[in-house]
>>> print(open('protein.cif').read())   # mmCIF, C-alpha atoms
data_upload
#
loop_
_atom_site.label_atom_id
_atom_site.label_comp_id
_atom_site.auth_asym_id
_atom_site.auth_seq_id
_atom_site.Cartn_x
_atom_site.Cartn_y
_atom_site.Cartn_z
CA MET A 1 16.81 -13.98 -3.66
CA ARG A 2 14.20 -15.83 -1.63
CA CYS A 3 10.90 -13.93 -1.64
CA LEU A 4 7.66 -14.42 0.28
CA VAL A 5 4.67 -12.80 -1.44
CA THR A 6 1.44 -12.43 0.51
CA GLY A 7 -1.70 -11.64 -1.44
CA ALA A 8 -0.31 -13.32 -4.55
CA THR A 9 -3.77 -14.14 -5.91
CA GLY A 10 -4.64 -10.43 -6.19
CA PHE A 11 -4.09 -8.12 -9.13
CA ILE A 12 -0.75 -6.60 -8.07
CA GLY A 13 0.46 -9.72 -6.27
CA SER A 14 -0.07 -11.99 -9.27
CA HIS A 15 1.91 -9.71 -11.58
CA LEU A 16 4.65 -9.37 -8.97
CA ALA A 17 4.89 -13.15 -8.53
CA ARG A 18 5.26 -13.64 -12.29
CA TRP A 19 7.90 -10.88 -12.45
CA LEU A 20 9.94 -12.44 -9.64
CA LEU A 21 9.85 -15.85 -11.31
CA ARG A 22 11.00 -14.32 -14.60
CA GLN A 23 13.91 -12.77 -12.71
CA GLY A 24 14.93 -16.23 -11.49
CA GLN A 25 13.96 -15.67 -7.85
CA SER A 26 12.71 -18.37 -5.48
CA ILE A 27 9.27 -17.47 -4.21
CA ALA A 28 6.75 -18.66 -1.67
CA VAL A 29 3.17 -17.39 -1.82
CA LEU A 30 0.90 -16.97 1.20
CA ILE A 31 -2.65 -17.69 0.07
CA ARG A 32 -5.85 -17.43 2.05
CA PRO A 33 -7.81 -20.72 2.13
CA GLY A 34 -10.60 -20.64 -0.42
CA SER A 35 -8.92 -18.01 -2.60
CA ASP A 36 -9.58 -18.13 -6.33
CA MET A 37 -6.30 -19.12 -7.98
CA TRP A 38 -7.26 -18.04 -11.50
CA ARG A 39 -4.60 -15.35 -11.79
CA ILE A 40 -1.65 -17.56 -10.78
CA ARG A 41 -2.80 -21.15 -11.29
CA ASP A 42 -0.32 -21.73 -14.11
CA VAL A 43 2.71 -20.57 -12.08
CA LEU A 44 1.88 -22.29 -8.78
CA PRO A 45 4.06 -25.34 -9.58
CA ALA A 46 7.09 -23.02 -9.61
CA THR A 47 6.31 -21.67 -6.13
CA THR A 48 6.15 -22.83 -2.53
CA VAL A 49 2.51 -22.48 -1.47
CA ILE A 50 1.62 -21.67 2.13
CA HIS A 51 -2.07 -21.54 3.06
CA SER A 52 -3.25 -19.23 5.84
CA ASP A 53 -5.48 -16.29 6.63
CA LEU A 54 -3.48 -13.21 7.53
CA TRP A 55 -5.03 -13.03 10.99
CA ARG A 56 -3.88 -16.64 11.68
CA VAL A 57 -0.39 -16.22 10.27
CA ALA A 58 1.27 -17.16 13.59
CA GLU A 59 0.04 -20.71 13.03
CA ILE A 60 2.26 -21.19 9.97
CA ALA A 61 5.44 -19.73 11.48
CA ASP A 62 7.28 -23.02 10.96
CA GLN A 63 6.55 -22.96 7.21
CA ILE A 64 7.83 -19.40 6.90
CA HIS A 65 10.98 -20.29 8.82
CA ALA A 66 11.50 -23.38 6.65
CA PHE A 67 11.37 -21.28 3.47
CA ARG A 68 13.91 -18.77 4.88
CA PRO A 69 12.72 -15.66 2.98
CA GLU A 70 15.12 -12.77 2.54
CA VAL A 71 12.44 -10.33 1.38
CA ILE A 72 8.73 -10.19 2.21
CA PHE A 73 6.32 -8.46 -0.16
CA HIS A 74 3.23 -7.93 1.96
CA LEU A 75 0.12 -7.32 -0.15
CA ALA A 76 -2.44 -9.52 1.62
CA TRP A 77 -5.44 -7.55 2.86
CA GLN A 78 -8.97 -8.66 3.67
CA GLY A 79 -11.49 -6.27 2.10
CA GLY A 80 -10.36 -3.24 0.15
CA ASN A 81 -11.05 0.25 -1.09
CA SER A 82 -14.54 -0.37 -2.43
CA SER A 83 -17.76 1.21 -1.24
CA LYS A 84 -18.74 -2.15 0.23
CA PHE A 85 -15.69 -2.57 2.44
CA GLN A 86 -13.89 0.76 2.82
CA ASN A 87 -15.50 1.57 6.19
CA ASP A 88 -15.94 -2.00 7.43
CA PRO A 89 -14.42 -2.46 10.93
CA ALA A 90 -13.00 -5.76 9.65
CA GLN A 91 -10.43 -3.61 7.84
CA VAL A 92 -8.77 -3.31 11.25
CA PHE A 93 -9.49 -6.63 12.92
CA SER A 94 -8.66 -8.80 9.90
CA ASN A 95 -5.52 -7.00 8.79
CA VAL A 96 -3.57 -4.84 11.20
CA LEU A 97 -2.67 -7.40 13.87
CA GLY A 98 -1.87 -10.05 11.27
CA SER A 99 0.50 -7.66 9.51
CA LEU A 100 2.29 -6.89 12.77
CA THR A 101 2.58 -10.58 13.57
CA LEU A 102 4.07 -11.18 10.14
CA VAL A 103 6.81 -8.63 10.86
CA ARG A 104 7.70 -10.53 14.04
CA LEU A 105 7.83 -13.79 12.10
CA ALA A 106 10.00 -12.03 9.52
CA ARG A 107 12.48 -11.14 12.26
CA ASP A 108 12.54 -14.72 13.52
CA ALA A 109 13.05 -16.06 9.99
CA GLY A 110 15.98 -13.72 9.26
CA VAL A 111 14.21 -11.51 6.71
CA GLN A 112 16.37 -8.61 5.58
CA ARG A 113 13.87 -6.42 3.73
CA TRP A 114 10.16 -5.70 4.22
CA ILE A 115 8.14 -4.33 1.29
CA GLY A 116 4.70 -3.33 2.58
CA PHE A 117 1.88 -2.11 0.38
CA GLY A 118 -0.35 0.74 1.41
CA THR A 119 -2.69 2.91 -0.63
CA SER A 120 -3.22 6.45 -1.87
CA ALA A 121 -6.29 6.43 0.42
CA GLU A 122 -3.88 6.98 3.32
CA TYR A 123 -3.55 10.60 2.22
CA GLY A 124 -7.22 11.50 2.27
CA ARG A 125 -8.32 14.33 -0.06
CA TYR A 126 -5.77 16.49 -1.82
CA ASP A 127 -6.38 18.54 -4.97
CA THR A 128 -2.68 18.86 -5.77
CA PRO A 129 -0.02 16.19 -6.44
CA VAL A 130 0.54 14.37 -3.15
CA SER A 131 4.08 13.83 -1.89
CA GLU A 132 5.27 11.52 0.86
CA ASN A 133 6.06 14.57 3.00
CA GLN A 134 2.41 15.55 3.30
CA ILE A 135 0.66 14.49 6.48
CA PRO A 136 -1.84 11.69 5.76
CA THR A 137 -5.43 12.44 6.79
CA PRO A 138 -7.30 9.29 5.71
CA THR A 139 -11.08 9.57 5.70
CA THR A 140 -12.02 5.87 5.50
CA MET A 141 -11.44 2.87 7.73
CA TYR A 142 -9.45 1.33 4.89
CA GLY A 143 -7.12 4.32 4.65
CA ARG A 144 -6.72 4.55 8.41
CA ALA A 145 -6.03 0.83 8.80
CA LYS A 146 -3.38 0.98 6.08
CA TYR A 147 -1.76 4.08 7.56
CA SER A 148 -1.74 2.54 11.04
CA THR A 149 -0.11 -0.57 9.62
CA CYS A 150 2.50 1.59 7.90
CA LEU A 151 3.47 3.39 11.11
CA LEU A 152 3.53 0.28 13.27
CA THR A 153 5.40 -1.98 10.87
CA GLU A 154 7.94 0.78 10.23
CA LYS A 155 8.67 1.00 13.95
CA LEU A 156 8.88 -2.77 14.35
CA CYS A 157 11.25 -3.07 11.39
CA GLU A 158 13.43 -0.38 12.93
CA GLN A 159 13.62 -2.30 16.21
CA TYR A 160 14.18 -5.63 14.47
CA GLY A 161 16.87 -4.41 12.07
CA ILE A 162 14.80 -5.04 8.93
CA ALA A 163 15.02 -2.58 6.02
CA PHE A 164 11.58 -1.03 5.62
CA VAL A 165 9.86 0.05 2.39
CA TRP A 166 6.22 1.11 2.17
CA ILE A 167 4.68 1.55 -1.28
CA ARG A 168 1.54 3.60 -1.82
CA PRO A 169 0.03 2.66 -5.20
CA PHE A 170 -2.36 5.08 -6.80
CA TRP A 171 -4.58 3.70 -9.62
CA LEU A 172 -3.03 0.72 -11.40
CA TYR A 173 -4.57 -1.05 -14.39
CA GLY A 174 -3.83 -3.84 -16.83
CA PRO A 175 -4.52 -7.54 -17.48
CA TYR A 176 -5.94 -9.54 -14.55
CA ASP A 177 -7.46 -6.45 -12.91
CA ASP A 178 -10.56 -6.88 -10.76
CA PRO A 179 -13.58 -6.97 -13.11
CA GLY A 180 -15.52 -4.50 -10.96
CA ARG A 181 -12.99 -1.71 -11.44
CA MET A 182 -13.68 1.03 -13.92
CA ILE A 183 -11.35 0.11 -16.79
CA PRO A 184 -12.13 -3.64 -17.03
CA TYR A 185 -15.84 -2.88 -16.54
CA VAL A 186 -15.85 -0.41 -19.44
CA ILE A 187 -13.84 -2.74 -21.67
CA ALA A 188 -16.21 -5.65 -20.98
CA ALA A 189 -19.27 -3.53 -21.73
CA PHE A 190 -17.86 -2.26 -25.04
CA LEU A 191 -16.73 -5.76 -26.05
CA ARG A 192 -20.35 -6.87 -25.61
CA GLY A 193 -21.50 -3.92 -27.68
CA GLU A 194 -23.20 -2.37 -24.65
CA GLU A 195 -23.22 1.12 -23.24
CA PRO A 196 -21.56 1.30 -19.81
CA ALA A 197 -23.25 3.18 -16.98
CA LEU A 198 -20.84 5.95 -15.97
CA THR A 199 -20.65 9.39 -14.39
CA TRP A 200 -19.82 12.39 -16.56
CA GLY A 201 -16.15 11.36 -16.36
CA GLU A 202 -14.77 14.68 -15.15
CA GLN A 203 -12.62 12.99 -12.51
CA GLN A 204 -8.86 13.30 -12.96
CA TRP A 205 -7.01 10.20 -11.76
CA ASP A 206 -3.42 8.98 -11.85
CA TYR A 207 -3.40 5.66 -13.77
CA LEU A 208 -0.22 3.55 -14.06
CA TYR A 209 0.14 0.40 -16.18
CA ILE A 210 0.80 -2.68 -14.06
CA GLN A 211 4.03 -3.77 -15.78
CA ASP A 212 5.58 -0.37 -15.12
CA ALA A 213 4.46 -0.73 -11.51
CA VAL A 214 6.15 -4.09 -10.92
CA GLU A 215 9.39 -2.76 -12.42
CA ALA A 216 9.36 0.02 -9.83
CA ILE A 217 8.59 -2.47 -7.05
CA TRP A 218 11.51 -4.62 -8.16
CA LEU A 219 13.89 -1.66 -8.03
CA LEU A 220 12.75 -0.80 -4.51
CA ALA A 221 13.16 -4.42 -3.44
CA THR A 222 16.68 -4.81 -4.80
CA GLY A 223 18.09 -1.37 -3.94
CA GLU A 224 19.21 0.27 -0.72
CA GLN A 225 16.33 2.73 -0.46
CA THR A 226 14.06 2.71 2.58
CA GLY A 227 10.97 4.64 3.59
CA VAL A 228 7.63 5.48 2.00
CA PHE A 229 7.25 5.78 -1.78
CA ASN A 230 4.33 6.82 -3.97
CA LEU A 231 3.70 4.63 -6.99
CA GLY A 232 1.89 6.25 -9.87
CA VAL A 233 2.45 7.76 -13.28
CA GLY A 234 2.75 11.29 -11.88
CA GLN A 235 0.06 12.85 -14.07
CA VAL A 236 -3.71 12.69 -14.30
CA TYR A 237 -6.09 11.59 -17.04
CA LEU A 238 -9.73 12.55 -17.39
CA ILE A 239 -11.94 9.51 -16.93
CA ARG A 240 -13.81 10.69 -20.03
CA THR A 241 -10.55 10.50 -22.01
CA ILE A 242 -9.89 6.95 -20.80
CA VAL A 243 -13.42 5.84 -21.72
CA GLU A 244 -13.14 7.43 -25.17
CA CYS A 245 -9.81 5.72 -25.80
CA ILE A 246 -11.22 2.32 -24.83
CA ARG A 247 -14.28 2.87 -27.02
CA ASP A 248 -12.16 3.86 -30.01
CA LEU A 249 -9.96 0.78 -29.59
CA ILE A 250 -13.02 -1.47 -29.71
CA ASP A 251 -15.65 0.26 -31.84
CA PRO A 252 -15.76 4.04 -32.42
CA LYS A 253 -19.50 3.82 -33.20
CA LEU A 254 -20.42 2.80 -29.65
CA THR A 255 -21.91 5.37 -27.28
CA LEU A 256 -19.92 6.25 -24.19
CA GLY A 257 -22.54 5.99 -21.48
CA LEU A 258 -21.33 9.13 -19.71
CA GLY A 259 -23.73 10.84 -17.32
CA ARG A 260 -25.90 7.80 -16.62
CA VAL A 261 -24.70 7.63 -12.99
CA PRO A 262 -24.63 10.63 -10.61
CA TYR A 263 -21.49 11.50 -8.70
CA GLY A 264 -21.42 10.14 -5.18
CA VAL A 265 -21.61 12.45 -2.18
CA ARG A 266 -17.93 11.78 -1.44
CA GLN A 267 -16.77 11.51 -5.04
CA VAL A 268 -13.01 11.98 -5.36
CA MET A 269 -12.44 14.26 -8.35
CA ARG A 270 -8.64 14.40 -8.48
CA VAL A 271 -5.94 11.94 -7.39
CA GLN A 272 -2.34 12.56 -8.45
CA ALA A 273 0.93 11.20 -7.12
CA ASP A 274 4.14 13.14 -6.77
CA ILE A 275 6.62 10.41 -7.78
CA SER A 276 9.81 12.50 -7.61
CA LYS A 277 11.05 10.62 -4.52
CA LEU A 278 10.73 7.25 -6.28
CA GLN A 279 12.39 8.60 -9.43
CA LYS A 280 15.30 10.08 -7.49
CA ALA A 281 15.83 6.91 -5.46
CA THR A 282 15.66 4.40 -8.34
CA GLY A 283 15.91 6.24 -11.67
CA TRP A 284 12.59 4.63 -12.61
CA MET A 285 10.26 6.21 -15.14
CA PRO A 286 6.90 4.96 -16.45
CA ARG A 287 7.40 3.62 -19.97
CA THR A 288 3.89 2.70 -21.10
CA THR A 289 1.67 5.40 -22.56
CA LEU A 290 -2.00 5.40 -21.63
CA GLU A 291 -2.99 4.42 -25.17
CA ASN A 292 -0.54 1.50 -25.32
CA GLY A 293 -1.47 0.30 -21.85
CA LEU A 294 -5.16 0.38 -22.67
CA LYS A 295 -4.53 -1.37 -25.99
CA GLN A 296 -2.71 -4.23 -24.26
CA THR A 297 -5.43 -4.47 -21.63
CA VAL A 298 -8.21 -4.53 -24.23
CA GLU A 299 -6.44 -7.24 -26.23
CA TRP A 300 -5.87 -9.38 -23.15
CA GLN A 301 -9.50 -9.00 -22.11
CA ARG A 302 -10.69 -9.80 -25.64
CA MET A 303 -8.55 -12.96 -25.81
CA ASN A 304 -9.52 -14.17 -22.36
CA ARG A 305 -13.25 -13.35 -22.53
CA TYR A 306 -12.76 -11.63 -19.21
CA GLY A 307 -15.42 -9.57 -17.43
#
>>> encode(input="protein.cif", output="structure tokens")
Amino acid sequence: MRCLVTGATGFIGSHLARWLLRQGQSIAVLIRPGSDMWRIRDVLPATTVIHSDLWRVAEIADQIHAFRPEVIFHLAWQGGNSSKFQNDPAQVFSNVLGSLTLVRLARDAGVQRWIGFGTSAEYGRYDTPVSENQIPTPTTMYGRAKYSTCLLTEKLCEQYGIAFVWIRPFWLYGPYDDPGRMIPYVIAAFLRGEEPALTWGEQQWDYLYIQDAVEAIWLLATGEQTGVFNLGVGQVYLIRTIVECIRDLIDPKLTLGLGRVPYGVRQVMRVQADISKLQKATGWMPRTTLENGLKQTVEWQRMNRYG
């Protein structure tokens, strides 16, 4: 299978690119000029590299056509779901039009399957497990831009005869994660013998280990299923429990640092995916326990002096 992966230098994209190569697939990676290659530098020789910003993707149409992808995994996205960028208007101008243009190029290149990546932020605030049947009410520019892209690319794929899959990841973690995210930040602090600065940790979030995530993505890419799918573990963990587990894996004598930071005005206290649709469509089940996933992440971070 010939696969084009956009956003391959990111956390999810880098793991997906490695997975596809291990499965013997031919892959091209679309990389924004100036991107840090640290996550995938060692596998680049096994890929076809195409350089372009998403918003200028029409300029590299000939390179996409020359590669002849059968499947596109579209993860590229300027900005993200951080307090710095989540309400930045660039979420729209840098991402939505480029994504739509990429669908048109996919049609012209003969792509058969489109795997787009959204976010749990498309749903907005729900205190109960969120299913794909619930009406999204995103509260941020990031969530709205992603949801708009979902609706528009779905319609284009329908008109172009391309099988459409849209994946909404919840919280993923593991090696190569962004150092500013909660789990790698806490691990780095404890590895230095420091006390992290955290809230009271009463939030309940759905955390899925990255290797389990890419297995689910692979099943959606190689099956006949279409539509929108949540990607999570299907249960929630207290942030306090996660922090305690990390601390105990590193040094049980360290203090947790809970309560040093107040909750934000818009603090999300519970995020949980209903993954029954994904399970029914693919037979997939998460295999990595929280403790084992955190252990592997801690060991990777310790070995790589990361964060």
>>> residues_around(input="protein.cif", residues="A:Ala221", least_positions_apart="2", cutoff="8 Å", atoms="all atoms listed in the file", output="list of chain:residue names")
A:Val71, A:Arg113, A:Ile115, A:Ile217, A:Trp218, A:Leu219, A:Gly223
>>> closest_atom_pairs(input="protein.cif", of="stretch 133-196 of chain A", to="stretch 265-273 of chain A", cutoff="9 Å", atoms="all atoms listed in the file", output="Markdown table")
| residue | atom | partner | partner_atom | distance |
| --- | --- | --- | --- | --- |
| A:Pro169 | CA | A:Ala273 | CA | 8.8 |
| A:Phe170 | CA | A:Ala273 | CA | 7.0 |
| A:Trp171 | CA | A:Val271 | CA | 8.6 |
>>> residues_around(input="protein.cif", residues="A:Asn87", least_positions_apart="3", cutoff="8 Å", atoms="all atoms listed in the file", output="PDB file with C-alpha atoms, in the frame of the given file")
ATOM      1  CA  SER A  83     -17.760   1.210  -1.240  1.00  0.00           C
ATOM      2  CA  LYS A  84     -18.740  -2.150   0.230  1.00  0.00           C
ATOM      3  CA  GLN A  91     -10.430  -3.610   7.840  1.00  0.00           C
ATOM      4  CA  THR A 140     -12.020   5.870   5.500  1.00  0.00           C
ATOM      5  CA  MET A 141     -11.440   2.870   7.730  1.00  0.00           C
ATOM      6  CA  TYR A 142      -9.450   1.330   4.890  1.00  0.00           C
TER       7      TYR A 142
END
>>> closest_residue(input="protein.cif", among="A:Gln23, A:Asn304, A:Thr101, A:Asn95", to="A:Ala61", atoms="only C-alpha atoms")
A:Thr101
>>> closest_residue(input="protein.cif", among="A:Arg260, A:Asp127, A:Val57, A:Phe229", to="A:Trp205", atoms="all atoms listed in the file")
A:Asp127
>>> residues_around(input="protein.cif", residues="A:Gly110", least_positions_apart="6", cutoff="10 Å", atoms="all atoms listed in the file", output="ChimeraX atom specification")
/A:65,68-71,160-162
>>> resolve_selection(input="protein.cif", expression="the PyMOL selection byres ((chain A and resi 166) around 7)", output="list in words")
Ile115, Gly116, Phe117, Gly118, Cys150, Phe164, Val165, Ile167, Arg168, Gly227, Val228 and Phe229 of chain A
>>> resolve_selection(input="protein.cif", expression="the PyMOL selection byres ((chain A and resi 190) around 12)", output="PDB file with C-alpha atoms, in the coordinates of the input")
ATOM      1  CA  ILE A 183     -11.350   0.110 -16.790  1.00  0.00           C
ATOM      2  CA  PRO A 184     -12.130  -3.640 -17.030  1.00  0.00           C
ATOM      3  CA  TYR A 185     -15.840  -2.880 -16.540  1.00  0.00           C
ATOM      4  CA  VAL A 186     -15.850  -0.410 -19.440  1.00  0.00           C
ATOM      5  CA  ILE A 187     -13.840  -2.740 -21.670  1.00  0.00           C
ATOM      6  CA  ALA A 188     -16.210  -5.650 -20.980  1.00  0.00           C
ATOM      7  CA  ALA A 189     -19.270  -3.530 -21.730  1.00  0.00           C
ATOM      8  CA  LEU A 191     -16.730  -5.760 -26.050  1.00  0.00           C
ATOM      9  CA  ARG A 192     -20.350  -6.870 -25.610  1.00  0.00           C
ATOM     10  CA  GLY A 193     -21.500  -3.920 -27.680  1.00  0.00           C
ATOM     11  CA  GLU A 194     -23.200  -2.370 -24.650  1.00  0.00           C
ATOM     12  CA  GLU A 195     -23.220   1.120 -23.240  1.00  0.00           C
ATOM     13  CA  PRO A 196     -21.560   1.300 -19.810  1.00  0.00           C
ATOM     14  CA  ALA A 197     -23.250   3.180 -16.980  1.00  0.00           C
ATOM     15  CA  VAL A 243     -13.420   5.840 -21.720  1.00  0.00           C
ATOM     16  CA  GLU A 244     -13.140   7.430 -25.170  1.00  0.00           C
ATOM     17  CA  CYS A 245      -9.810   5.720 -25.800  1.00  0.00           C
ATOM     18  CA  ILE A 246     -11.220   2.320 -24.830  1.00  0.00           C
ATOM     19  CA  ARG A 247     -14.280   2.870 -27.020  1.00  0.00           C
ATOM     20  CA  ASP A 248     -12.160   3.860 -30.010  1.00  0.00           C
ATOM     21  CA  LEU A 249      -9.960   0.780 -29.590  1.00  0.00           C
ATOM     22  CA  ILE A 250     -13.020  -1.470 -29.710  1.00  0.00           C
ATOM     23  CA  ASP A 251     -15.650   0.260 -31.840  1.00  0.00           C
ATOM     24  CA  PRO A 252     -15.760   4.040 -32.420  1.00  0.00           C
ATOM     25  CA  LYS A 253     -19.500   3.820 -33.200  1.00  0.00           C
ATOM     26  CA  LEU A 254     -20.420   2.800 -29.650  1.00  0.00           C
ATOM     27  CA  THR A 255     -21.910   5.370 -27.280  1.00  0.00           C
ATOM     28  CA  LEU A 256     -19.920   6.250 -24.190  1.00  0.00           C
ATOM     29  CA  GLY A 257     -22.540   5.990 -21.480  1.00  0.00           C
ATOM     30  CA  VAL A 298      -8.210  -4.530 -24.230  1.00  0.00           C
ATOM     31  CA  GLN A 301      -9.500  -9.000 -22.110  1.00  0.00           C
ATOM     32  CA  ARG A 302     -10.690  -9.800 -25.640  1.00  0.00           C
ATOM     33  CA  GLY A 307     -15.420  -9.570 -17.430  1.00  0.00           C
TER      34      GLY A 307
END
>>> residues_around(input="protein.cif", residues="A:Trp200", least_positions_apart="4", cutoff="10 Å", atoms="all atoms listed in the file", output="PyMOL selection string")
chain A and resi 239-240+256-263
>>> closest_residue(input="protein.cif", among="A:Phe73, A:Phe11, A:Tyr237, A:Phe85", to="A:Gln203", atoms="all atoms listed in the file")
A:Tyr237
>>> closest_residue(input="protein.cif", among="A:Cys3, A:Ala216, A:Ile242, A:Gln225", to="A:Met285", atoms="all atoms listed in the file")
A:Ala216
>>> closest_residue(input="protein.cif", among="A:Asp88, A:Val29, A:Asn230, A:Thr297", to="A:Glu122", atoms="all atoms listed in the file")
A:Asn230
>>> closest_residue(input="protein.cif", among="A:Ala163, A:Ile135, A:Leu198, A:Leu4", to="A:Thr48", atoms="only C-alpha atoms")
A:Leu4
>>> residues_around(input="protein.cif", residues="A:Leu156", least_positions_apart="6", cutoff="9 Å", atoms="all atoms listed in the file", output="short mmCIF file (atom, residue, chain, number, x, y, z; two decimals) with C-alpha atoms, in the frame of the given file")
data_model
loop_
_atom_site.label_atom_id
_atom_site.label_comp_id
_atom_site.auth_asym_id
_atom_site.auth_seq_id
_atom_site.Cartn_x
_atom_site.Cartn_y
_atom_site.Cartn_z
CA LEU A 100 2.29 -6.89 12.77
CA VAL A 103 6.81 -8.63 10.86
CA ARG A 104 7.70 -10.53 14.04
CA ILE A 162 14.80 -5.04 8.93
#
>>> resolve_selection(input="protein.cif", expression="the PyMOL selection byres ((chain A and resi 51) around 6)", output="PDB file with C-alpha atoms, in the coordinates of the input")
ATOM      1  CA  LEU A  30       0.900 -16.970   1.200  1.00  0.00           C
ATOM      2  CA  ILE A  31      -2.650 -17.690   0.070  1.00  0.00           C
ATOM      3  CA  ARG A  32      -5.850 -17.430   2.050  1.00  0.00           C
ATOM      4  CA  PRO A  33      -7.810 -20.720   2.130  1.00  0.00           C
ATOM      5  CA  ILE A  50       1.620 -21.670   2.130  1.00  0.00           C
ATOM      6  CA  SER A  52      -3.250 -19.230   5.840  1.00  0.00           C
TER       7      SER A  52
END
>>> atom_distance(input="protein.cif", atom1="atom CA of A:Ile72", atom2="atom CA of A:Leu54")
13.7 Å
>>> atom_distance(input="protein.cif", atom1="atom CA of A:Tyr123", atom2="atom CA of A:Gly80")
15.6 Å
>>> closest_atom_pairs(input="protein.cif", of="stretch 90-147 of chain A", to="stretch 206-210 of chain A", cutoff="12 Å", atoms="all atoms listed in the file", output="Markdown table")
| residue | atom | partner | partner_atom | distance |
| --- | --- | --- | --- | --- |
| A:Ser120 | CA | A:Asp206 | CA | 10.3 |
| A:Thr128 | CA | A:Asp206 | CA | 11.6 |
| A:Pro129 | CA | A:Asp206 | CA | 9.6 |
| A:Val130 | CA | A:Asp206 | CA | 11.0 |
>>> write_last_selection(input="protein.cif", atoms="C-alpha atoms", output="compact mmCIF listing (two decimals), in the frame of the given file")
# COMPACT_ATOMS: atom_id res chain seq x y z
CA SER A 120 -3.22 6.45 -1.87
CA THR A 128 -2.68 18.86 -5.77
CA PRO A 129 -0.02 16.19 -6.44
CA VAL A 130 0.54 14.37 -3.15
